[in-house]
Amino acid sequence: MASIADLGNFPDVPPFVAALLAGDIAALDAFLADGTDIDAAIALSQHVQAPPIALALAANAAASVHWLTERGAKLNHPQAPAFVLAARYGTPDLMRYLARQGADVHARRKVGGDAYQQALYGKKTKHLPVIDALGHTVAEHGGEAFRSAVFNRNQQAVAFFLAHGVNVNFQERDQVFSDSATPLLVAARNRDAEMCRLLVEHGADVSMSNRDGERPYTVAVEQDDTALAEYLKSLEAPELHSVANKLHELKPYKLSSELLDFLQGEQRRIELPESDFGFVEFFALTDTIAMQAGRRKVLRLSRASGDYADTVLVWNPKTQCIGYWDIEHEEYGDIASFSDFMAAPALHMNRVLDGE
């Protein structure tokens with residue numbers, strides 16, 4: 001049985017792989033003399049195959065990594081960049097060695113990101129300063145991993161990134177944060193008040209919104225975290241919470257007087273015992289969010305839709321209807337006028353669930 005980090009456990013591996021894992025240099029030399037291709041991917045199972053350098057690094061077999069490198073193995077294979085893998089599986093000395101040998105410290109894995117991301121996946125926080133010192137600087141490249149560290153509540157990593165000049169307002173879209181959330185917005189979504197305060201102390205901008213128009217404050221409202229919402233509200237411009245300013249801002253949306261009155265009322269939660277949604281609760285008027293639903297410019301109205309967090313209710317100014325936006329599947333549909341919706345909310349919400 002061969003265990004190779006998180007690649008898996010394999011009851012049987014090819015002899016060449018066994019020599020790699022054991023660091024058996026004499027056996028490796030014999031394989032090379034017999035014509036073994038040291039860059040060809042090796043299949044270990046139906047779903048796992050990797051080049052020798054990746055297998056040696058995953059096993060932290062330093063002697064084999066040195067042997068492969070000295071014999072010209074590709075260190076910057078697009079699917080298995082050596083420096084990035086060493087950040088996840090290896091040691092600081094191995095990372096420095098590979099960098100000296102020409103491994104690209106700026107390389108990225110197609111799935112899994114750069115060296116900082118891989119070090120965090122491998123729980124190798126001690127590798128972070130090594131990566132920075134070797135030229136893949138936190139200031140220029142650390143934002144993505146920093147946001148992940150905030151999401152995972154990795155306080156040690158967060159402290160490192162903040163101390164080394166990370167962009168505290170990093171906002172680039174990636175595979176995990178497709179909404180282009182800032183670290184502060186991520187912390188608000190986690191209901192992590194301590195992290196929010198730490199980020200604000202280091203210059204996080206409370207006014208920055210994600211692709212869906214959400215600010216850290218509106219996320220805290222959505223999460224029903226009253227204390228965090230009040231804290232973030234205290235840092236925002238007062239005009240963001242002015243009814244008069246909001247009414248002026250929303251003029252192009254032509255909200256019906258009935259809907260305006262409802263959003264300014266105290267009771268904005270509608271119980272739906274006859275629907276799987278269970279309930280739907282609307283934002284207060286000043287907390288509604290201008291957003292894009294596909295190519296449509298709409299106004300998000302709902303704070304929560306029961307257990308269906310990816311389904312939000314919106315106002316479509318073009319059709320003058322309540323609509324729904326499925327965030328996960330990026331699907332939009334008109335539902336009804338506000339008065340018709342209020343006359344039979346469970347019926348309309350069930351139609352949303354049924355795809356009608």
# chains A, B, ... in the order shown; residues from 1 in each chain; ligands from 1
$ residues_around --residues "stretch 273-282 of chain A" --least-positions-apart "6" --cutoff "8 Å" --atoms "only C-alpha atoms" --output "VMD selection string"
chain A and resid 263 301 to 308 346 to 347 349 to 350
$ residues_around --residues "A:Gln79" --least-positions-apart "3" --cutoff "9 Å" --atoms "only C-alpha atoms" --output "PyMOL selection string"
chain A and resi 50-51+76+108-111
$ write_last_selection --atoms "N, CA and C atoms" --output "mmCIF file, in the first residue's frame"
data_model
loop_
_atom_site.group_PDB
_atom_site.id
_atom_site.type_symbol
_atom_site.label_atom_id
_atom_site.label_comp_id
_atom_site.auth_asym_id
_atom_site.auth_seq_id
_atom_site.Cartn_x
_atom_site.Cartn_y
_atom_site.Cartn_z
ATOM 1 N N ALA A 50 -0.164 11.692 -12.725
ATOM 2 C CA ALA A 50 0.673 12.861 -12.496
ATOM 3 C C ALA A 50 2.081 12.574 -12.980
ATOM 4 N N PRO A 51 2.833 13.615 -13.361
ATOM 5 C CA PRO A 51 4.236 13.418 -13.737
ATOM 6 C C PRO A 51 5.068 13.069 -12.517
ATOM 7 N N ASN A 76 8.276 23.433 -14.560
ATOM 8 C CA ASN A 76 7.174 24.378 -14.755
ATOM 9 C C ASN A 76 6.086 23.801 -15.655
ATOM 10 N N ARG A 108 0.922 29.011 -11.234
ATOM 11 C CA ARG A 108 -0.373 28.705 -10.636
ATOM 12 C C ARG A 108 -0.826 27.335 -11.119
ATOM 13 N N ARG A 109 -1.523 26.640 -10.268
ATOM 14 C CA ARG A 109 -2.219 25.430 -10.692
ATOM 15 C C ARG A 109 -3.553 25.847 -11.283
ATOM 16 N N LYS A 110 -3.968 25.136 -12.324
ATOM 17 C CA LYS A 110 -5.235 25.487 -12.971
ATOM 18 C C LYS A 110 -6.366 25.433 -11.962
ATOM 19 N N VAL A 111 -6.351 24.429 -11.113
ATOM 20 C CA VAL A 111 -7.308 24.340 -10.014
ATOM 21 C C VAL A 111 -6.501 24.344 -8.721
#
$ residues_around --residues "A:Asp340" --least-positions-apart "3" --cutoff "12 Å" --atoms "only C-alpha atoms" --output "JSON, numbers by chain"
{"A": [258, 259, 320, 321, 322, 335, 336, 337, 343, 344, 345, 346, 347, 348]}
$ residues_around --residues "A:His127" --least-positions-apart "6" --cutoff "7 Å" --atoms "only C-alpha atoms" --output "PyMOL selection string"
chain A and resi 87+92+119
$ atom_distance --atom1 "atom CA of A:His66" --atom2 "atom CA of A:Leu20"
10.9 Å
$ closest_residue --among "A:Arg88, A:Arg153, A:His141, A:Arg173" --to "A:Lys123" --atoms "only C-alpha atoms"
A:Arg88
$ residues_around --residues "A:Ser64" --least-positions-apart "4" --cutoff "8 Å" --atoms "only C-alpha atoms" --output "list in words"
Leu20, Leu21, Gly23, Asp24, Ile25, Ala56 and Leu68 of chain A
$ select_by_dssp --residues "stretch 69-137 of chain A" --states "helix (DSSP H, G or I)" --output "ChimeraX atom specification"
/A:69-70,82-89,92-100,115-121,125-133
$ write_last_selection --atoms "C-alpha atoms" --output "PDB file, in the first residue's frame"
ATOM      1  CA  THR A  69      15.712  18.199 -11.183  1.00  0.00           C
ATOM      2  CA  GLU A  70      19.374  17.356 -11.812  1.00  0.00           C
ATOM      3  CA  ALA A  82       7.073  22.356  -8.969  1.00  0.00           C
ATOM      4  CA  PHE A  83       7.326  25.458  -6.774  1.00  0.00           C
ATOM      5  CA  VAL A  84       3.596  25.579  -6.150  1.00  0.00           C
ATOM      6  CA  LEU A  85       3.516  21.882  -5.226  1.00  0.00           C
ATOM      7  CA  ALA A  86       6.504  22.335  -2.915  1.00  0.00           C
ATOM      8  CA  ALA A  87       4.616  25.134  -1.153  1.00  0.00           C
ATOM      9  CA  ARG A  88       1.837  22.673  -0.405  1.00  0.00           C
ATOM     10  CA  TYR A  89       3.749  19.471   0.325  1.00  0.00           C
ATOM     11  CA  PRO A  92      11.210  25.709   2.945  1.00  0.00           C
ATOM     12  CA  ASP A  93      14.593  24.281   1.900  1.00  0.00           C
ATOM     13  CA  LEU A  94      12.997  22.392  -0.977  1.00  0.00           C
ATOM     14  CA  MET A  95      11.167  25.534  -2.104  1.00  0.00           C
ATOM     15  CA  ARG A  96      14.400  27.533  -2.088  1.00  0.00           C
ATOM     16  CA  TYR A  97      16.219  24.794  -3.982  1.00  0.00           C
ATOM     17  CA  LEU A  98      13.565  24.642  -6.707  1.00  0.00           C
ATOM     18  CA  ALA A  99      13.528  28.429  -7.069  1.00  0.00           C
ATOM     19  CA  ARG A 100      17.321  28.393  -7.582  1.00  0.00           C
ATOM     20  CA  ALA A 115       1.902  29.097  -3.993  1.00  0.00           C
ATOM     21  CA  TYR A 116       0.135  31.041  -1.233  1.00  0.00           C
ATOM     22  CA  GLN A 117      -3.134  29.237  -1.883  1.00  0.00           C
ATOM     23  CA  GLN A 118      -1.409  25.874  -2.024  1.00  0.00           C
ATOM     24  CA  ALA A 119       0.500  26.516   1.202  1.00  0.00           C
ATOM     25  CA  LEU A 120      -2.802  27.257   2.933  1.00  0.00           C
ATOM     26  CA  TYR A 121      -4.415  24.120   1.485  1.00  0.00           C
ATOM     27  CA  THR A 125       1.499  28.664   7.194  1.00  0.00           C
ATOM     28  CA  LYS A 126       5.252  28.682   7.866  1.00  0.00           C
ATOM     29  CA  HIS A 127       5.797  28.631   4.090  1.00  0.00           C
ATOM     30  CA  LEU A 128       4.131  32.012   3.561  1.00  0.00           C
ATOM     31  CA  PRO A 129       7.169  34.178   4.421  1.00  0.00           C
ATOM     32  CA  VAL A 130       9.382  31.935   2.269  1.00  0.00           C
ATOM     33  CA  ILE A 131       7.150  32.525  -0.740  1.00  0.00           C
ATOM     34  CA  ASP A 132       7.240  36.276  -0.160  1.00  0.00           C
ATOM     35  CA  ALA A 133      11.030  36.315   0.292  1.00  0.00           C
TER      36      ALA A 133
END
$ residues_around --residues "A:Leu235" --least-positions-apart "4" --cutoff "10 Å" --atoms "only C-alpha atoms" --output "JSON, numbers by chain"
{"A": [200, 205, 206, 207, 217, 230, 231]}
$ write_last_selection --atoms "N, CA and C atoms" --output "tab-separated table (two decimals), in the first residue's frame"
chain	number	residue	atom	x	y	z
A	200	VAL	N	-11.18	46.46	9.11
A	200	VAL	CA	-11.45	47.90	9.08
A	200	VAL	C	-10.27	48.67	9.65
A	205	ASP	N	-12.37	49.04	3.09
A	205	ASP	CA	-13.35	50.03	2.66
A	205	ASP	C	-14.75	49.45	2.81
A	206	VAL	N	-15.53	50.00	3.73
A	206	VAL	CA	-16.87	49.46	4.00
A	206	VAL	C	-17.85	49.75	2.87
A	207	SER	N	-17.49	50.68	1.97
A	207	SER	CA	-18.42	51.07	0.91
A	207	SER	C	-18.32	50.19	-0.33
A	217	TYR	N	-22.37	45.92	4.97
A	217	TYR	CA	-23.54	46.22	5.81
A	217	TYR	C	-24.76	45.43	5.36
A	230	GLU	N	-25.15	47.12	12.72
A	230	GLU	CA	-25.08	48.44	13.35
A	230	GLU	C	-23.66	48.97	13.34
A	231	TYR	N	-22.68	48.10	13.59
A	231	TYR	CA	-21.28	48.52	13.57
A	231	TYR	C	-20.90	49.01	12.17
$ residues_around --residues "A:Ile289" --least-positions-apart "3" --cutoff "9 Å" --atoms "only C-alpha atoms" --output "ChimeraX atom specification"
/A:212-215,218,283,286,298-301
$ atom_distance --atom1 "atom CA of A:Gly102" --atom2 "atom CA of A:Gly142"
21.3 Å
$ select_by_dssp --residues "stretch 1-78 of chain A" --states "strand (DSSP E)" --output "list of chain:residue names"
A:Ala2, A:Ser3, A:Ile4, A:Gly8, A:Asn9, A:Phe10, A:Ile42, A:Ala43, A:Gln49, A:Ala50, A:Asn76, A:His77
$ closest_residue --among "A:Val176, A:Gln156, A:Gly122, A:Asp192" --to "A:Glu144" --atoms "only C-alpha atoms"
A:Val176
$ closest_residue --among "A:Ala22, A:Asp34, A:Val48, A:Leu240" --to "A:Leu7" --atoms "only C-alpha atoms"
A:Val48
$ decode --residues "stretch 90-188 of chain A" --atoms "C-alpha atoms" --output "PDB file, in the first residue's frame"
ATOM      1  CA  GLY A  90       7.431  20.225   0.765  1.00  0.00           C
ATOM      2  CA  THR A  91       9.746  22.178   3.034  1.00  0.00           C
ATOM      3  CA  PRO A  92      11.210  25.709   2.945  1.00  0.00           C
ATOM      4  CA  ASP A  93      14.593  24.281   1.900  1.00  0.00           C
ATOM      5  CA  LEU A  94      12.997  22.392  -0.977  1.00  0.00           C
ATOM      6  CA  MET A  95      11.167  25.534  -2.104  1.00  0.00           C
ATOM      7  CA  ARG A  96      14.400  27.533  -2.088  1.00  0.00           C
ATOM      8  CA  TYR A  97      16.219  24.794  -3.982  1.00  0.00           C
ATOM      9  CA  LEU A  98      13.565  24.642  -6.707  1.00  0.00           C
ATOM     10  CA  ALA A  99      13.528  28.429  -7.069  1.00  0.00           C
ATOM     11  CA  ARG A 100      17.321  28.393  -7.582  1.00  0.00           C
ATOM     12  CA  GLN A 101      16.898  25.699 -10.219  1.00  0.00           C
ATOM     13  CA  GLY A 102      14.456  27.769 -12.264  1.00  0.00           C
ATOM     14  CA  ALA A 103      11.061  26.831 -10.876  1.00  0.00           C
ATOM     15  CA  ASP A 104       8.631  29.691 -11.499  1.00  0.00           C
ATOM     16  CA  VAL A 105       7.633  31.162  -8.142  1.00  0.00           C
ATOM     17  CA  HIS A 106       4.687  32.918  -9.834  1.00  0.00           C
ATOM     18  CA  ALA A 107       3.216  29.728 -11.303  1.00  0.00           C
ATOM     19  CA  ARG A 108      -0.373  28.705 -10.636  1.00  0.00           C
ATOM     20  CA  ARG A 109      -2.219  25.430 -10.692  1.00  0.00           C
ATOM     21  CA  LYS A 110      -5.235  25.487 -12.971  1.00  0.00           C
ATOM     22  CA  VAL A 111      -7.308  24.340 -10.014  1.00  0.00           C
ATOM     23  CA  GLY A 112      -5.890  25.447  -6.683  1.00  0.00           C
ATOM     24  CA  GLY A 113      -4.194  28.760  -7.346  1.00  0.00           C
ATOM     25  CA  ASP A 114      -0.708  30.001  -6.595  1.00  0.00           C
ATOM     26  CA  ALA A 115       1.902  29.097  -3.993  1.00  0.00           C
ATOM     27  CA  TYR A 116       0.135  31.041  -1.233  1.00  0.00           C
ATOM     28  CA  GLN A 117      -3.134  29.237  -1.883  1.00  0.00           C
ATOM     29  CA  GLN A 118      -1.409  25.874  -2.024  1.00  0.00           C
ATOM     30  CA  ALA A 119       0.500  26.516   1.202  1.00  0.00           C
ATOM     31  CA  LEU A 120      -2.802  27.257   2.933  1.00  0.00           C
ATOM     32  CA  TYR A 121      -4.415  24.120   1.485  1.00  0.00           C
ATOM     33  CA  GLY A 122      -1.488  22.139   2.837  1.00  0.00           C
ATOM     34  CA  LYS A 123      -1.719  23.856   6.253  1.00  0.00           C
ATOM     35  CA  LYS A 124       1.833  25.149   5.789  1.00  0.00           C
ATOM     36  CA  THR A 125       1.499  28.664   7.194  1.00  0.00           C
ATOM     37  CA  LYS A 126       5.252  28.682   7.866  1.00  0.00           C
ATOM     38  CA  HIS A 127       5.797  28.631   4.090  1.00  0.00           C
ATOM     39  CA  LEU A 128       4.131  32.012   3.561  1.00  0.00           C
ATOM     40  CA  PRO A 129       7.169  34.178   4.421  1.00  0.00           C
ATOM     41  CA  VAL A 130       9.382  31.935   2.269  1.00  0.00           C
ATOM     42  CA  ILE A 131       7.150  32.525  -0.740  1.00  0.00           C
ATOM     43  CA  ASP A 132       7.240  36.276  -0.160  1.00  0.00           C
ATOM     44  CA  ALA A 133      11.030  36.315   0.292  1.00  0.00           C
ATOM     45  CA  LEU A 134      11.522  34.414  -2.972  1.00  0.00           C
ATOM     46  CA  GLY A 135       9.809  37.164  -4.945  1.00  0.00           C
ATOM     47  CA  HIS A 136       6.162  36.149  -5.122  1.00  0.00           C
ATOM     48  CA  THR A 137       5.333  39.088  -2.906  1.00  0.00           C
ATOM     49  CA  VAL A 138       2.276  39.448  -0.724  1.00  0.00           C
ATOM     50  CA  ALA A 139       1.772  43.050  -1.835  1.00  0.00           C
ATOM     51  CA  GLU A 140       1.417  42.035  -5.483  1.00  0.00           C
ATOM     52  CA  HIS A 141       0.121  38.469  -5.331  1.00  0.00           C
ATOM     53  CA  GLY A 142      -1.301  37.743  -1.877  1.00  0.00           C
ATOM     54  CA  GLY A 143      -4.863  38.984  -2.253  1.00  0.00           C
ATOM     55  CA  GLU A 144      -6.530  35.778  -3.369  1.00  0.00           C
ATOM     56  CA  ALA A 145      -5.028  33.681  -0.588  1.00  0.00           C
ATOM     57  CA  PHE A 146      -5.682  36.453   1.942  1.00  0.00           C
ATOM     58  CA  ARG A 147      -9.390  36.417   1.111  1.00  0.00           C
ATOM     59  CA  SER A 148      -9.403  32.620   1.460  1.00  0.00           C
ATOM     60  CA  ALA A 149      -7.700  32.931   4.852  1.00  0.00           C
ATOM     61  CA  VAL A 150     -10.416  35.370   5.961  1.00  0.00           C
ATOM     62  CA  PHE A 151     -13.083  32.952   4.750  1.00  0.00           C
ATOM     63  CA  ASN A 152     -11.479  30.061   6.649  1.00  0.00           C
ATOM     64  CA  ARG A 153     -10.919  32.177   9.782  1.00  0.00           C
ATOM     65  CA  ASN A 154      -7.191  31.451   9.622  1.00  0.00           C
ATOM     66  CA  GLN A 155      -6.097  34.184  11.985  1.00  0.00           C
ATOM     67  CA  GLN A 156      -2.390  33.379  11.767  1.00  0.00           C
ATOM     68  CA  ALA A 157      -2.391  33.640   7.985  1.00  0.00           C
ATOM     69  CA  VAL A 158      -4.539  36.779   8.030  1.00  0.00           C
ATOM     70  CA  ALA A 159      -2.096  38.436  10.435  1.00  0.00           C
ATOM     71  CA  PHE A 160       0.825  37.500   8.166  1.00  0.00           C
ATOM     72  CA  PHE A 161      -0.798  38.938   5.044  1.00  0.00           C
ATOM     73  CA  LEU A 162      -1.790  42.168   6.787  1.00  0.00           C
ATOM     74  CA  ALA A 163       1.735  42.597   8.156  1.00  0.00           C
ATOM     75  CA  HIS A 164       3.232  42.171   4.683  1.00  0.00           C
ATOM     76  CA  GLY A 165       1.229  44.758   2.776  1.00  0.00           C
ATOM     77  CA  VAL A 166      -1.596  42.754   1.248  1.00  0.00           C
ATOM     78  CA  ASN A 167      -4.316  44.611  -0.639  1.00  0.00           C
ATOM     79  CA  VAL A 168      -6.953  44.566   2.109  1.00  0.00           C
ATOM     80  CA  ASN A 169      -9.614  45.442  -0.489  1.00  0.00           C
ATOM     81  CA  PHE A 170      -8.718  42.690  -2.958  1.00  0.00           C
ATOM     82  CA  GLN A 171     -11.730  42.105  -5.193  1.00  0.00           C
ATOM     83  CA  GLU A 172     -10.767  39.998  -8.203  1.00  0.00           C
ATOM     84  CA  ARG A 173     -13.152  37.227  -9.189  1.00  0.00           C
ATOM     85  CA  ASP A 174     -12.006  33.613  -8.853  1.00  0.00           C
ATOM     86  CA  GLN A 175     -13.541  30.133  -8.891  1.00  0.00           C
ATOM     87  CA  VAL A 176     -14.625  30.333  -5.257  1.00  0.00           C
ATOM     88  CA  PHE A 177     -15.620  33.998  -5.043  1.00  0.00           C
ATOM     89  CA  SER A 178     -17.395  34.446  -8.346  1.00  0.00           C
ATOM     90  CA  ASP A 179     -19.214  37.498  -6.940  1.00  0.00           C
ATOM     91  CA  SER A 180     -15.946  39.461  -6.569  1.00  0.00           C
ATOM     92  CA  ALA A 181     -16.383  39.815  -2.818  1.00  0.00           C
ATOM     93  CA  THR A 182     -13.890  41.816  -0.788  1.00  0.00           C
ATOM     94  CA  PRO A 183     -12.349  40.186   2.299  1.00  0.00           C
ATOM     95  CA  LEU A 184     -14.511  42.442   4.497  1.00  0.00           C
ATOM     96  CA  LEU A 185     -17.665  41.291   2.735  1.00  0.00           C
ATOM     97  CA  VAL A 186     -16.527  37.672   3.195  1.00  0.00           C
ATOM     98  CA  ALA A 187     -16.006  38.279   6.919  1.00  0.00           C
ATOM     99  CA  ALA A 188     -19.466  39.862   7.163  1.00  0.00           C
TER     100      ALA A 188
END
